[in-house]
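Below: coords_14.cif (mmCIF, C-alpha atoms)
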```cif
data_protein
#
loop_
_atom_site.label_atom_id
_atom_site.label_comp_id
_atom_site.auth_asym_id
_atom_site.auth_seq_id
_atom_site.Cartn_x
_atom_site.Cartn_y
_atom_site.Cartn_z
CA MET A 1044 -7.19 6.35 26.56
CA SER A 1045 -6.02 8.14 23.41
CA THR A 1046 -2.47 8.24 24.71
CA VAL A 1047 -2.51 4.52 25.48
CA LEU A 1048 -3.88 3.75 22.02
CA PHE A 1049 -1.21 5.92 20.42
CA TRP A 1050 1.56 4.13 22.29
CA VAL A 1051 0.13 0.80 21.19
CA LEU A 1052 -0.54 1.67 17.54
CA ALA A 1053 2.50 3.84 16.75
CA PRO A 1054 5.21 1.29 17.73
CA LEU A 1055 3.10 -1.43 16.11
CA ALA A 1056 2.98 0.51 12.82
CA ALA A 1057 6.73 1.15 12.80
CA ALA A 1058 7.77 -2.33 14.00
CA SER A 1059 5.52 -4.21 11.59
CA GLY A 1060 6.70 -1.92 8.80
CA PHE A 1061 10.31 -2.80 9.60
CA LEU A 1062 9.53 -6.51 9.83
CA VAL A 1063 8.25 -6.44 6.23
CA PHE A 1064 11.88 -6.42 5.09
CA ARG A 1065 13.09 -8.92 7.67
CA PHE A 1066 10.78 -11.85 7.00
CA ASN A 1067 11.89 -14.64 4.73
CA SER A 1068 8.31 -15.40 3.80
CA MET A 1069 6.51 -13.13 1.36
CA ALA A 1070 3.19 -14.09 2.92
CA ARG A 1071 4.41 -12.95 6.33
CA ALA A 1072 5.80 -9.76 4.82
CA THR A 1073 2.40 -8.97 3.32
CA ILE A 1074 0.60 -9.59 6.61
CA SER A 1075 3.18 -7.47 8.40
CA LEU A 1076 2.60 -4.62 5.94
CA LEU A 1077 -1.14 -5.00 6.45
CA VAL A 1078 -0.69 -4.73 10.23
CA SER A 1079 1.28 -1.52 9.69
CA PHE A 1080 -1.51 -0.08 7.53
CA LEU A 1081 -4.20 -1.15 10.01
CA ALA A 1082 -2.29 0.60 12.80
CA THR A 1083 -2.01 3.70 10.62
CA GLY A 1084 -5.75 3.60 9.96
CA GLY A 1085 -6.30 3.35 13.71
CA LEU A 1086 -4.07 6.38 14.25
CA LEU A 1087 -6.09 8.36 11.69
CA ILE A 1088 -9.26 7.47 13.59
CA LEU A 1089 -7.49 8.55 16.77
CA LEU A 1090 -6.75 11.91 15.14
CA GLY A 1091 -10.45 12.43 14.50
CA LEU A 1092 -10.43 11.36 10.84
CA GLY A 1093 -12.85 8.49 11.29
CA TYR A 1094 -14.00 8.24 7.69
CA LEU A 1095 -10.52 8.39 6.17
CA GLY A 1096 -9.20 5.95 8.75
CA VAL A 1097 -11.85 3.39 7.84
CA VAL A 1098 -11.20 4.02 4.12
CA VAL A 1099 -7.49 3.35 4.62
CA ILE A 1100 -8.22 0.15 6.56
CA LEU A 1101 -10.70 -1.23 4.01
CA MET A 1102 -8.55 -0.23 1.05
CA MET A 1103 -5.40 -1.75 2.49
CA VAL A 1104 -7.10 -5.03 3.37
CA MET A 1105 -8.18 -5.38 -0.28
CA GLU A 1106 -4.81 -4.20 -1.55
CA MET A 1107 -2.89 -6.72 0.50
CA VAL A 1108 -5.19 -9.52 -0.69
CA ILE A 1109 -4.42 -8.52 -4.29
CA MET A 1110 -0.73 -8.28 -3.45
CA ALA A 1111 -0.80 -11.80 -2.01
CA VAL A 1112 -2.26 -13.11 -5.26
CA PHE A 1113 0.46 -11.40 -7.29
CA MET A 1114 3.18 -12.70 -5.00
CA ILE A 1115 1.97 -16.25 -5.36
CA ALA A 1116 1.93 -15.71 -9.12
CA TYR A 1117 5.39 -14.17 -9.48
CA MET A 1118 7.57 -14.89 -6.48
CA MET A 1119 9.81 -17.90 -6.48
CA ASN A 1120 9.21 -18.57 -2.81
CA PRO A 1121 5.91 -17.06 -1.69
CA ALA A 1122 5.45 -19.21 1.39
CA GLY A 1123 8.99 -18.77 2.68
CA LEU A 1124 9.65 -22.49 2.85
CA MET A 1125 13.24 -21.89 1.80
CA PRO A 1126 15.36 -19.05 3.16
CA MET A 1127 15.96 -16.42 0.52
CA ALA A 1128 17.92 -13.19 0.26
CA MET A 1129 16.70 -10.63 -2.20
CA TYR A 1130 18.79 -7.67 -1.11
CA HIS A 1131 21.17 -5.48 -2.99
CA ASN A 1132 23.24 -2.59 -1.68
CA ARG A 1133 21.93 -3.30 1.80
CA ARG A 1134 24.52 -1.31 3.74
CA TRP A 1135 24.06 1.94 1.79
CA SER A 1136 20.31 1.51 1.83
CA LEU A 1137 20.46 1.29 5.62
CA VAL A 1138 22.72 4.35 5.79
CA ILE A 1139 20.42 6.37 3.53
CA GLY A 1140 17.33 5.27 5.46
CA LEU A 1141 18.88 6.17 8.82
CA ALA A 1142 20.22 9.48 7.51
CA THR A 1143 16.76 10.36 6.19
CA PHE A 1144 15.19 9.58 9.56
CA VAL A 1145 17.80 11.60 11.46
CA LEU A 1146 17.33 14.55 9.09
CA LEU A 1147 13.55 14.47 9.32
CA ALA A 1148 13.58 13.91 13.09
CA GLY A 1149 16.00 16.83 13.53
CA GLY A 1150 13.68 19.09 11.58
CA ILE A 1151 10.64 17.86 13.52
CA VAL A 1152 12.28 18.60 16.85
CA VAL A 1153 13.90 21.92 15.89
CA VAL A 1154 11.13 23.60 13.88
CA PRO A 1155 8.81 25.81 15.97
CA TRP A 1156 5.47 24.46 14.83
CA PRO A 1157 2.58 26.95 14.68
CA HIS A 1158 -0.42 26.66 16.94
CA ARG A 1159 -3.69 25.33 15.67
CA ALA A 1160 -5.43 27.85 13.45
CA ALA A 1161 -8.98 26.68 14.20
CA THR A 1162 -10.84 24.11 16.23
CA PRO A 1163 -11.54 20.73 14.58
CA PRO A 1164 -15.06 20.46 13.18
CA LYS A 1165 -17.74 18.40 14.87
CA ASP A 1166 -18.20 16.32 11.71
CA PRO A 1167 -14.90 15.91 9.78
CA THR A 1168 -16.59 13.69 7.19
CA PHE A 1169 -19.04 16.48 6.32
CA GLN A 1170 -16.09 18.87 6.16
CA LEU A 1171 -14.28 16.57 3.72
CA GLY A 1172 -17.35 16.17 1.54
CA THR A 1173 -17.93 19.91 1.49
CA ALA A 1174 -14.30 20.52 0.51
CA LEU A 1175 -14.32 17.91 -2.26
CA MET A 1176 -17.61 19.13 -3.71
CA GLY A 1177 -16.66 22.79 -3.31
CA ALA A 1178 -13.26 24.43 -3.13
CA GLN A 1179 -11.34 21.23 -3.93
CA MET A 1180 -13.55 20.14 -6.83
CA LEU A 1181 -10.67 20.59 -9.30
CA THR A 1182 -8.51 18.32 -7.13
CA MET A 1183 -11.24 15.70 -7.11
CA ILE A 1184 -11.65 15.88 -10.89
CA THR A 1185 -7.88 15.60 -11.36
CA LEU A 1186 -7.77 12.56 -9.09
CA GLY A 1187 -10.62 11.02 -11.06
CA PHE A 1188 -8.78 11.49 -14.35
CA ALA A 1189 -5.57 10.14 -12.80
CA LEU A 1190 -7.40 7.01 -11.67
CA PHE A 1191 -9.03 6.59 -15.07
CA ALA A 1192 -5.67 7.00 -16.84
CA THR A 1193 -4.20 4.47 -14.42
CA MET A 1194 -6.91 1.94 -15.25
CA VAL A 1195 -6.33 2.34 -19.00
CA ALA A 1196 -2.53 2.23 -18.68
CA ALA A 1197 -2.60 -0.79 -16.37
CA VAL A 1198 -4.84 -2.75 -18.73
CA VAL A 1199 -2.70 -1.83 -21.75
CA LEU A 1200 0.49 -2.84 -19.94
CA ALA A 1201 -0.91 -6.09 -18.61
CA THR A 1202 -2.64 -7.19 -21.80
CA HIS A 1203 -0.71 -9.93 -23.54
CA ARG A 1204 -1.93 -9.33 -27.08
CA GLY A 1205 -4.29 -6.51 -27.94
CA ARG A 1206 -6.31 -5.93 -31.08
CA TYR A 1207 -3.43 -4.05 -32.74
CA ASP A 1208 -1.23 -7.12 -32.29
CA ARG A 1209 -3.95 -9.27 -33.86
CA PHE A 1210 -5.27 -7.05 -36.66
CA GLY A 1211 -2.30 -4.79 -37.41
CA ASP A 1212 -1.85 -1.04 -37.00
CA ASP A 1213 -4.83 -0.25 -39.24
CA LEU A 1214 -6.97 -3.03 -37.70
CA LYS A 1215 -7.63 -4.39 -41.22
CA ARG A 1216 -5.61 -7.60 -41.18
CA ARG A 1217 -7.82 -10.65 -41.82
CA PRO A 1218 -7.51 -13.30 -40.57
CA ALA A 1219 -5.98 -12.16 -37.30
CA ALA A 1220 -2.32 -12.97 -36.71
CA ASP A 1221 -2.87 -15.37 -33.83
CA PRO A 1222 -0.21 -17.90 -32.80
CA VAL A 1223 -3.02 -20.36 -32.03
CA ARG A 1224 -5.40 -21.00 -34.89
CA GLY A 1225 -9.11 -21.40 -34.48
CA GLY A 1226 -10.22 -17.90 -33.55
CA VAL A 1227 -9.64 -18.34 -29.81
CA GLU A 1228 -7.90 -14.94 -29.77
CA ARG A 1229 -4.59 -16.26 -28.50
CA MET B 609 0.13 12.74 22.09
CA THR B 610 1.75 15.66 20.31
CA LEU B 611 2.33 16.71 16.73
CA GLN B 612 6.02 15.92 17.07
CA LEU B 613 5.33 12.32 18.13
CA PHE B 614 3.09 11.73 15.13
CA LEU B 615 5.64 13.32 12.80
CA LEU B 616 8.42 11.19 14.29
CA LEU B 617 6.33 8.10 13.56
CA ALA B 618 5.74 9.39 10.02
CA ALA B 619 9.48 9.96 9.58
CA ALA B 620 10.22 6.44 10.84
CA LEU B 621 7.73 4.90 8.42
CA PHE B 622 9.12 6.97 5.56
CA ALA B 623 12.71 6.00 6.38
CA ILE B 624 11.86 2.29 6.73
CA GLY B 625 10.04 2.40 3.40
CA LEU B 626 12.98 4.15 1.77
CA TYR B 627 15.34 1.49 3.12
CA GLY B 628 13.08 -1.22 1.71
CA ALA B 629 12.67 0.44 -1.67
CA LEU B 630 16.45 0.85 -2.04
CA SER B 631 17.55 -2.50 -0.66
CA GLN B 632 15.10 -4.94 -2.21
CA GLN B 633 15.53 -6.67 -5.54
CA SER B 634 12.01 -7.97 -5.95
CA ILE B 635 9.71 -5.51 -7.69
CA VAL B 636 6.83 -6.48 -5.38
CA MET B 637 8.99 -5.79 -2.31
CA ILE B 638 10.05 -2.42 -3.74
CA MET B 639 6.38 -1.57 -4.08
CA MET B 640 5.93 -2.49 -0.43
CA GLY B 641 8.66 0.01 0.43
CA LEU B 642 6.97 2.74 -1.60
CA GLU B 643 3.68 1.96 0.12
CA LEU B 644 5.32 2.35 3.52
CA MET B 645 6.76 5.73 2.49
CA LEU B 646 3.30 6.90 1.45
CA ASN B 647 1.96 5.46 4.70
CA GLY B 648 4.26 7.83 6.55
CA VAL B 649 3.00 10.76 4.48
CA THR B 650 -0.59 9.77 5.39
CA VAL B 651 0.24 9.88 9.11
CA ALA B 652 1.96 13.25 8.73
CA ALA B 653 -0.98 14.71 6.76
CA GLY B 654 -3.47 13.48 9.36
CA ALA B 655 -1.36 14.93 12.18
CA PHE B 656 -1.04 18.30 10.41
CA TRP B 657 -4.81 18.35 9.94
CA HIS B 658 -5.46 17.64 13.62
CA TYR B 659 -2.79 19.80 15.24
CA ILE B 660 -2.28 22.74 12.86
CA ALA B 661 -4.95 23.23 10.21
CA PRO B 662 -8.20 21.31 10.73
CA THR B 663 -9.65 22.43 7.42
CA GLY B 664 -11.23 20.55 4.55
CA SER B 665 -8.17 21.08 2.38
CA GLY B 666 -6.05 19.33 5.02
CA GLN B 667 -8.18 16.22 4.70
CA VAL B 668 -7.97 16.37 0.91
CA ILE B 669 -4.19 15.87 1.21
CA VAL B 670 -4.87 12.51 2.88
CA VAL B 671 -7.23 11.62 0.03
CA VAL B 672 -4.56 12.56 -2.53
CA VAL B 673 -2.00 10.32 -0.77
CA VAL B 674 -4.44 7.41 -0.64
CA VAL B 675 -5.12 7.81 -4.38
CA ALA B 676 -1.35 7.94 -5.01
CA MET B 677 -1.05 4.62 -3.17
CA ALA B 678 -3.73 3.07 -5.35
CA VAL B 679 -2.13 4.38 -8.55
CA GLU B 680 1.31 3.18 -7.49
CA MET B 681 -0.03 -0.27 -6.71
CA ALA B 682 -1.98 -0.64 -9.96
CA MET B 683 0.84 0.60 -12.19
CA GLY B 684 3.42 -1.41 -10.26
CA PHE B 685 1.55 -4.65 -10.77
CA ALA B 686 0.85 -3.82 -14.41
CA ALA B 687 4.56 -3.11 -15.02
CA THR B 688 5.48 -6.30 -13.16
CA THR B 689 3.09 -8.29 -15.33
CA ALA B 690 4.44 -6.71 -18.52
CA ILE B 691 8.10 -7.28 -17.71
CA PHE B 692 7.47 -10.79 -16.42
CA ARG B 693 5.60 -11.64 -19.60
CA ALA B 694 8.23 -10.08 -21.85
CA ARG B 695 11.39 -11.29 -20.14
CA ASP B 696 10.37 -13.71 -17.39
CA VAL B 697 11.95 -11.64 -14.64
CA ASP B 698 10.60 -10.19 -11.40
CA MET B 699 13.87 -8.79 -10.04
CA THR B 700 15.20 -5.32 -10.73
CA ASP B 701 18.78 -6.50 -11.21
CA MET B 702 17.70 -8.84 -13.98
CA ALA B 703 15.40 -6.24 -15.50
CA ALA B 704 18.27 -3.73 -15.60
CA ASP B 705 19.93 -5.63 -18.45
CA LEU B 706 19.00 -4.04 -21.72
CA LYS B 707 19.78 -7.10 -23.82
CA ARG B 708 17.58 -10.13 -23.65
#
```

Please lay out the structure from this file as C-alpha cells.
Amino acid sequence: MSTVLFWVLAPLAAASGFLVFRFNSMARATISLLVSFLATGGLLILLGLGYLGVVVILMMVMEMVIMAVFMIAYMMNPAGLMPMAMYHNRRWSLVIGLATFVLLAGGIVVVPWPHRAATPPKDPTFQLGTALMGAQMLTMITLGFALFATMVAAVVLATHRGRYDRFGDDLKRRPAADPVRGGVER
Amino acid sequence: MTLQLFLLLAAALFAIGLYGALSQQSIVMIMMGLELMLNGVTVAAGAFWHYIAPTGSGQVIVVVVVVAMAVEMAMGFAATTAIFRARDVDMTDMAADLKR
C-alpha cells in the first residue's frame, strides 16, 4: 500500500510542480503548486511524520489562498484569459535546472548511504515536541525571533506611509504631512 | 520505497524550482520557484529522518524548512508590495532598472 501511494504521490508532486511554469493562467499555476505541496505532505505522512505532514498541508492551503489574493492584486492576467509569456533566459534556466538534477541524481545514486542508526519512534510527534522543548530549544527560540523579525519587516515594507513619514524623524511635526487633509491619515 | 527514490524526487523538485526561479520574470512566479526548491528540501529531510536518523533533531530540520518557506513568502509579498507601490512594477526585468 505504501509503495502504491508513493508511486501515486511522487510523480504527482513532480509533475504538478513542473506544470506550475507551463500554465498560462496564474490561478492554475497556484492550484498546481498546491497539488505539489499536498502530495509532499502526503509523502511526509507516508514517511511516518504524520504531524509535520498535516502541518505542511494546512500551511500550504492557507499560503496558496494568500498567494491567489496577491496574484489577483498584482498580476496583469490572473485568470489566464489571454496567453502570456513571462520568461527570460529560458534556455539557460533549463540547462542549469537539468544540470542540477543530473548532479544531484548522480550523487544520490553513487553515494553509499549509511544504514539506519535507530528504529523510528512509536510517536514521532512526541519525539518532535521533546526535541523542540529540550535539546533544540535554542533552534526553536531562533525560529521564533526570525518569525517575529519577519512580521516586523514585512509590515514596515508593506506600509505605505508610516508615522515617521507623517510626523517627521523626531515625530514632532504638527500637523502631520498628509497628502489628503482632514486627519484621515492618508 | 527507498531513500534513493525519495531523494531523486527531492532533487527533481529542487531542479524544477530552480528552473522556475531563474526563468520567470514575475516576482510571484519566482517565489513559486523558491517554494518548490524548499519543497524538495522538505522531502529530503523527511526521507533522511525515516531512513537514516529517526531522531528528534531530524524532524527539527523539517520544521526549520517550513519556517523558511513562511519567511520567504511573507518577505516576498512585502517586497512585491513595496516595489509595486514605489514603481508600479511586478516584473524583475523592470525592477532591475535603477532609474525611475

Can you pull out every residue within 8 Å of B:Thr700, counting only C-alpha atoms, but drop anything in the same chain fewer than 4 positions away, and send it as a CSV table (one decimal) with C-alpha atoms, in the frame of the given file?
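Full text of out35.csv as output:
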```
chain,number,residue,atom,x,y,z
B,633,GLN,CA,15.5,-6.7,-5.5
B,634,SER,CA,12.0,-8.0,-6.0
B,635,ILE,CA,9.7,-5.5,-7.7
B,704,ALA,CA,18.3,-3.7,-15.6
```

Chain B residues near chain A (7 Å cut-off, all atoms listed in the file) as a PyMOL selection string: chain B and resi 609+612+615-617+619-621+623-624+626-628+630-634+644+651+654-655+658-662+664-665+667-668+679+682-683+686-687+689-690+698

With C-alpha atoms retained, write the just-selected residues as a PDB file, in the frame of the given file.
```pdb
ATOM      1  CA  MET B 609       0.130  12.740  22.090  1.00  0.00           C
ATOM      2  CA  GLN B 612       6.020  15.920  17.070  1.00  0.00           C
ATOM      3  CA  LEU B 615       5.640  13.320  12.800  1.00  0.00           C
ATOM      4  CA  LEU B 616       8.420  11.190  14.290  1.00  0.00           C
ATOM      5  CA  LEU B 617       6.330   8.100  13.560  1.00  0.00           C
ATOM      6  CA  ALA B 619       9.480   9.960   9.580  1.00  0.00           C
ATOM      7  CA  ALA B 620      10.220   6.440  10.840  1.00  0.00           C
ATOM      8  CA  LEU B 621       7.730   4.900   8.420  1.00  0.00           C
ATOM      9  CA  ALA B 623      12.710   6.000   6.380  1.00  0.00           C
ATOM     10  CA  ILE B 624      11.860   2.290   6.730  1.00  0.00           C
ATOM     11  CA  LEU B 626      12.980   4.150   1.770  1.00  0.00           C
ATOM     12  CA  TYR B 627      15.340   1.490   3.120  1.00  0.00           C
ATOM     13  CA  GLY B 628      13.080  -1.220   1.710  1.00  0.00           C
ATOM     14  CA  LEU B 630      16.450   0.850  -2.040  1.00  0.00           C
ATOM     15  CA  SER B 631      17.550  -2.500  -0.660  1.00  0.00           C
ATOM     16  CA  GLN B 632      15.100  -4.940  -2.210  1.00  0.00           C
ATOM     17  CA  GLN B 633      15.530  -6.670  -5.540  1.00  0.00           C
ATOM     18  CA  SER B 634      12.010  -7.970  -5.950  1.00  0.00           C
ATOM     19  CA  LEU B 644       5.320   2.350   3.520  1.00  0.00           C
ATOM     20  CA  VAL B 651       0.240   9.880   9.110  1.00  0.00           C
ATOM     21  CA  GLY B 654      -3.470  13.480   9.360  1.00  0.00           C
ATOM     22  CA  ALA B 655      -1.360  14.930  12.180  1.00  0.00           C
ATOM     23  CA  HIS B 658      -5.460  17.640  13.620  1.00  0.00           C
ATOM     24  CA  TYR B 659      -2.790  19.800  15.240  1.00  0.00           C
ATOM     25  CA  ILE B 660      -2.280  22.740  12.860  1.00  0.00           C
ATOM     26  CA  ALA B 661      -4.950  23.230  10.210  1.00  0.00           C
ATOM     27  CA  PRO B 662      -8.200  21.310  10.730  1.00  0.00           C
ATOM     28  CA  GLY B 664     -11.230  20.550   4.550  1.00  0.00           C
ATOM     29  CA  SER B 665      -8.170  21.080   2.380  1.00  0.00           C
ATOM     30  CA  GLN B 667      -8.180  16.220   4.700  1.00  0.00           C
ATOM     31  CA  VAL B 668      -7.970  16.370   0.910  1.00  0.00           C
ATOM     32  CA  VAL B 679      -2.130   4.380  -8.550  1.00  0.00           C
ATOM     33  CA  ALA B 682      -1.980  -0.640  -9.960  1.00  0.00           C
ATOM     34  CA  MET B 683       0.840   0.600 -12.190  1.00  0.00           C
ATOM     35  CA  ALA B 686       0.850  -3.820 -14.410  1.00  0.00           C
ATOM     36  CA  ALA B 687       4.560  -3.110 -15.020  1.00  0.00           C
ATOM     37  CA  THR B 689       3.090  -8.290 -15.330  1.00  0.00           C
ATOM     38  CA  ALA B 690       4.440  -6.710 -18.520  1.00  0.00           C
ATOM     39  CA  ASP B 698      10.600 -10.190 -11.400  1.00  0.00           C
TER      40      ASP B 698
END
```

Coordinates-based distance that separates atom CA of B:Thr688 from atom CA of B:Ala676 (Å, one decimal):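 Computing it gives 17.8 Å between the two atoms.
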
Selected residue, from A:Arg1216, A:Tyr1094, A:Met1180, A:Phe1066, that lies nearest to B:Val670 when counting only C-alpha atoms: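 Nearest to B:Val670: A:Tyr1094.
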
Between atom CA of B:Arg695 and atom CA of A:Arg1204, distance in Å (one decimal):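 So the two atoms, atom CA of B:Arg695 and atom CA of A:Arg1204, lie 15.1 Å apart.
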
Atomic separation - atom CA of A:Ala1070 relative to atom CA of A:Gly1093, Å: 28.9 Å

Ref. answer, residues at most 6 Å from (-1.5, 16.7, 3.7) with only C-alpha atoms, as a count of residues only: 4

Long-range neighbours of B:Glu643 as a ChimeraX atom specification, 10 Å cut-off, all atoms listed in the file, 2 positions minimum in chain: /A:1060,1076,1080 /B:621-622,625-626,629,637-641,645-649,674,676-678,680-681

Mind completing stretch 632-660 of chain B with N, CA and C atoms? Output as a compact mmCIF listing (two decimals), in the coordinates of the input, please?
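Full text of rebuild09.txt as output:
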```txt
# COMPACT_ATOMS: atom_id res chain seq x y z
N GLN B 632 15.72 -3.72 -1.71
CA GLN B 632 15.10 -4.94 -2.21
C GLN B 632 15.30 -5.13 -3.71
N GLN B 633 15.41 -6.37 -4.10
CA GLN B 633 15.53 -6.67 -5.54
C GLN B 633 14.19 -6.98 -6.17
N SER B 634 13.31 -7.59 -5.39
CA SER B 634 12.01 -7.97 -5.95
C SER B 634 11.15 -6.73 -6.19
N ILE B 635 10.52 -6.68 -7.36
CA ILE B 635 9.71 -5.51 -7.69
C ILE B 635 8.54 -5.38 -6.72
N VAL B 636 7.96 -6.51 -6.31
CA VAL B 636 6.83 -6.48 -5.38
C VAL B 636 7.29 -5.91 -4.03
N MET B 637 8.49 -6.30 -3.59
CA MET B 637 8.99 -5.79 -2.31
C MET B 637 9.32 -4.29 -2.40
N ILE B 638 9.80 -3.86 -3.56
CA ILE B 638 10.05 -2.42 -3.74
C ILE B 638 8.74 -1.65 -3.62
N MET B 639 7.69 -2.22 -4.19
CA MET B 639 6.38 -1.57 -4.08
C MET B 639 5.93 -1.51 -2.63
N MET B 640 6.25 -2.52 -1.87
CA MET B 640 5.93 -2.49 -0.43
C MET B 640 6.65 -1.32 0.25
N GLY B 641 7.91 -1.11 -0.13
CA GLY B 641 8.66 0.01 0.43
C GLY B 641 8.03 1.34 0.08
N LEU B 642 7.62 1.49 -1.18
CA LEU B 642 6.97 2.74 -1.60
C LEU B 642 5.66 2.95 -0.84
N GLU B 643 4.94 1.86 -0.63
CA GLU B 643 3.68 1.96 0.12
C GLU B 643 3.94 2.44 1.55
N LEU B 644 5.00 1.92 2.15
CA LEU B 644 5.32 2.35 3.52
C LEU B 644 5.69 3.82 3.56
N MET B 645 6.42 4.29 2.54
CA MET B 645 6.76 5.73 2.49
C MET B 645 5.48 6.57 2.42
N LEU B 646 4.56 6.16 1.56
CA LEU B 646 3.30 6.90 1.45
C LEU B 646 2.48 6.78 2.73
N ASN B 647 2.62 5.64 3.41
CA ASN B 647 1.96 5.46 4.70
C ASN B 647 2.42 6.53 5.69
N GLY B 648 3.71 6.79 5.69
CA GLY B 648 4.26 7.83 6.55
C GLY B 648 3.69 9.20 6.20
N VAL B 649 3.56 9.47 4.90
CA VAL B 649 3.00 10.76 4.48
C VAL B 649 1.55 10.88 4.95
N THR B 650 0.81 9.76 4.91
CA THR B 650 -0.59 9.77 5.39
C THR B 650 -0.65 10.17 6.87
N VAL B 651 0.22 9.56 7.67
CA VAL B 651 0.24 9.88 9.11
C VAL B 651 0.57 11.35 9.31
N ALA B 652 1.56 11.85 8.58
CA ALA B 652 1.96 13.25 8.73
C ALA B 652 0.81 14.18 8.33
N ALA B 653 0.13 13.86 7.22
CA ALA B 653 -0.98 14.71 6.76
C ALA B 653 -2.11 14.72 7.78
N GLY B 654 -2.43 13.55 8.34
CA GLY B 654 -3.47 13.48 9.36
C GLY B 654 -3.10 14.28 10.60
N ALA B 655 -1.82 14.18 11.00
CA ALA B 655 -1.36 14.93 12.18
C ALA B 655 -1.40 16.44 11.92
N PHE B 656 -0.99 16.86 10.73
CA PHE B 656 -1.04 18.30 10.41
C PHE B 656 -2.49 18.79 10.44
N TRP B 657 -3.40 17.95 9.93
CA TRP B 657 -4.81 18.35 9.94
C TRP B 657 -5.28 18.55 11.38
N HIS B 658 -4.94 17.61 12.25
CA HIS B 658 -5.46 17.64 13.62
C HIS B 658 -4.82 18.76 14.45
N TYR B 659 -3.51 18.91 14.32
CA TYR B 659 -2.79 19.80 15.24
C TYR B 659 -2.56 21.20 14.71
N ILE B 660 -2.61 21.41 13.40
CA ILE B 660 -2.28 22.74 12.86
C ILE B 660 -3.43 23.35 12.07
```
